[in-house]
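Chemist: Please find one structure pasted underneath; my questions will follow.
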Amino acid sequence: MAFLSFFLFPHTHTHTHTQTMLSRAASAAAVAAAAARRPATATAATTFSSSSSNAFPSSPFRRSLASSAAAATGAAVPKTQLFINGEFFDSQTSDWIELRDPATQELVTLVPKATDQELKYASDSAAAAYKTWKKSSVLTRQRVMLNLQALVRDNMDKLATSITREQGKTFPDAKGDVLRGLQVVENACGIPSLLLGESLPVSTDMDTYTIRQPLGVVGGIAPFNFPAMIPLWMFPLAIACGNTCIMKPSERDPGAMMILAKLAEEAGVPKGVLNVVHGSVNTVNFICDDPHIKAISFVGGDLAGKYIFQRGTQNGKRVQSNLGAKNHGVILPDANKNHTLNQLVGAAFGAAGQRCMALSTVVLVGEARDWLPELVERAKNLKATSGFAEDADLGPLISKEAKARVEQLIQSGVDEGAKLLLDGRGIKPAGFESGNFVGPTILAGVKPHMKCYTEEIFGPVLICLEAETLDEAIEIINANPYGNGTAIFTNSGSAARKFQDDVDVGQVGINVPIPVPLPMFSFTGSRGSIQGDLNFYGKSGVQFYTQTKTVTALWRSEDATTSRAAVNMPTMR
């Protein structure tokens, strides 16, 4: 999974400094002062200061020049706002994070590290809103979801533009980011059915039935690699279940979440039901510690995810934490060669490899090893450049630090004896020479002990292992600690069935390279790829955001006609 910036190198250092616990006793005067400092009104212009304008570029692939134009005219750098209690306003912090276009290094916006008072204001607002939102009818919440899905669909280009500018992925891929999140919202439109309980007459005149009730205030901490999809995994289903929500998008690309917050407001989400805060360690610690927050959803890297799971659960919170991954694709010699190679190239290098379900590792079984030269040739044809370029196949990595880390892991593979069949280091696309670009890279002859295999690279790097048999390939996968996703390419039904039964991975693709389930199912990564026992979206997501209350009710029919009391020990009849 993607790394939060404050845990950017999960395998090279340990997070040892924990911010001081946030005060639980902030005075009402401090909260009132924070509220007084926010703007009395918030316009769409200020709301989207760090994202796209309402007018989409005349060509969807034209690079936005908003930040460079601001620099040329000496205009102030836009600031990303907070969204709390139904209002967008500027933070009063003195600590800001620079967000730069990863393709150009141009300064796009300044992201605030929200103050303790602002964080508490968000929590208090969410807690207050919960008192009424939990009593809203399921049909009211369904109507809000129906409105939200229509607005997200209508604003897909605006969201994708923000994603490409801030995160770097290609514009078509950014639209896919939005679409996969939109599908979760569409599924949440069925919330009346998803919240159905169970009922059973257990004795004469006695019924036992279950009710799914919301938890209260919930928190969401999202990664940089899917700025729209992952927040849409979280807050729509949470509020559809009757909770209120505090979202923390990645400080590297919060623009999409800010647009989604505006759309949620337009969809009819009441004040305080959805709040958006920004920051890094201090903000995360607040979400883990604040007593109003009952549950936390997190997607990101190992170190951050394990930290959040431990700290959150120690404070009595329910936590679902999606972590790292090492997804293997097993290629059998009988697979459809053309289809398989196309799928491998797309799944390994799409989004510059910055996907938690990227097929970053291939296991070539037997004669399938002979396909490597053709695989290299197809990868060579991919073009890395600005995500707004019409011919872009992959964009830049999120940061200079991410680029340096990927290049170091490539070199570690070479140093440990892997064969560098395709080297994407050092590329400088015309017009974007300062961007964080790494081109498609292929390492062959990789062994399981090599660093390039044991670590999640999170870049456009495909590492290739070999196995003599399907059993050996399965052993390689099961020996890896991660269990997010895997795939097999074959024309043998029996081989596919053996693979799906024997492989110890939560999501399996058969001739499908990235088997992310649609939201009528759930995202079911397993083993070292998740902490917590309830998965994201689908039925499992509803279970995460609700608690079950079981009621046993007795309405005796005889009480309507008899006046005699029962004095014997009650028994089932």
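Residues are named by chain letter and number: chains run A, B, ... in the order of the structure tokens, numbers start at 1 in each chain, and ligands are numbered from 1 in the order shown.
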What are the DSSP strand (DSSP E) residues of range 333-442 of chain A, as a list in words?
Modeler: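 The strand (DSSP E) subset of range 333-442 of chain A is Thr361, Val362, Val363, Leu364, Val365, Lys419, Leu420, Leu421, Leu422, Thr441 and Ile442 of chain A.
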Chemist: Give me the residues near range 463-476 of chain A as an NGL selection string, where near means some atom within 7 Å (using only C-alpha atoms) and where sequence neighbours in that chain fewer than 6 positions away do not count.
Modeler: :A and (330 or 360-366 or 442-447 or 503)
Chemist: With only C-alpha atoms as the atoms that count, which of A:Thr561, A:Thr164, A:Asn315, A:Thr548 lies nearest to Ala392 in chain A?
Modeler: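 Closest candidate: A:Thr164.
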Chemist: CA of His449 in chain A and CA of Asn327 in chain A are how many Å apart?
Modeler: 16.1 Å
Chemist: List as a PyMOL selection string the protein and nucleic acid residues near Gln142 in chain A, meaning an atom at most 9 Å away when only C-alpha atoms are counted, but skip any in the same chain fewer than 6 places from it.
Modeler: chain A and resi 188-192+240
Chemist: When you look at range 490-493 of chain A with a cut-off of 10 Å (counting only C-alpha atoms), what residues show up, excluding the ones that are within fewer than 4 positions of it in the same chain? I need them as a list in words.
Modeler: Val330, Ile331, Leu332, Pro333, Asp334, Ala335, Asn336, Lys337, Thr340, Arg497, Lys498, Phe499, Ile510 and Asn511 of chain A
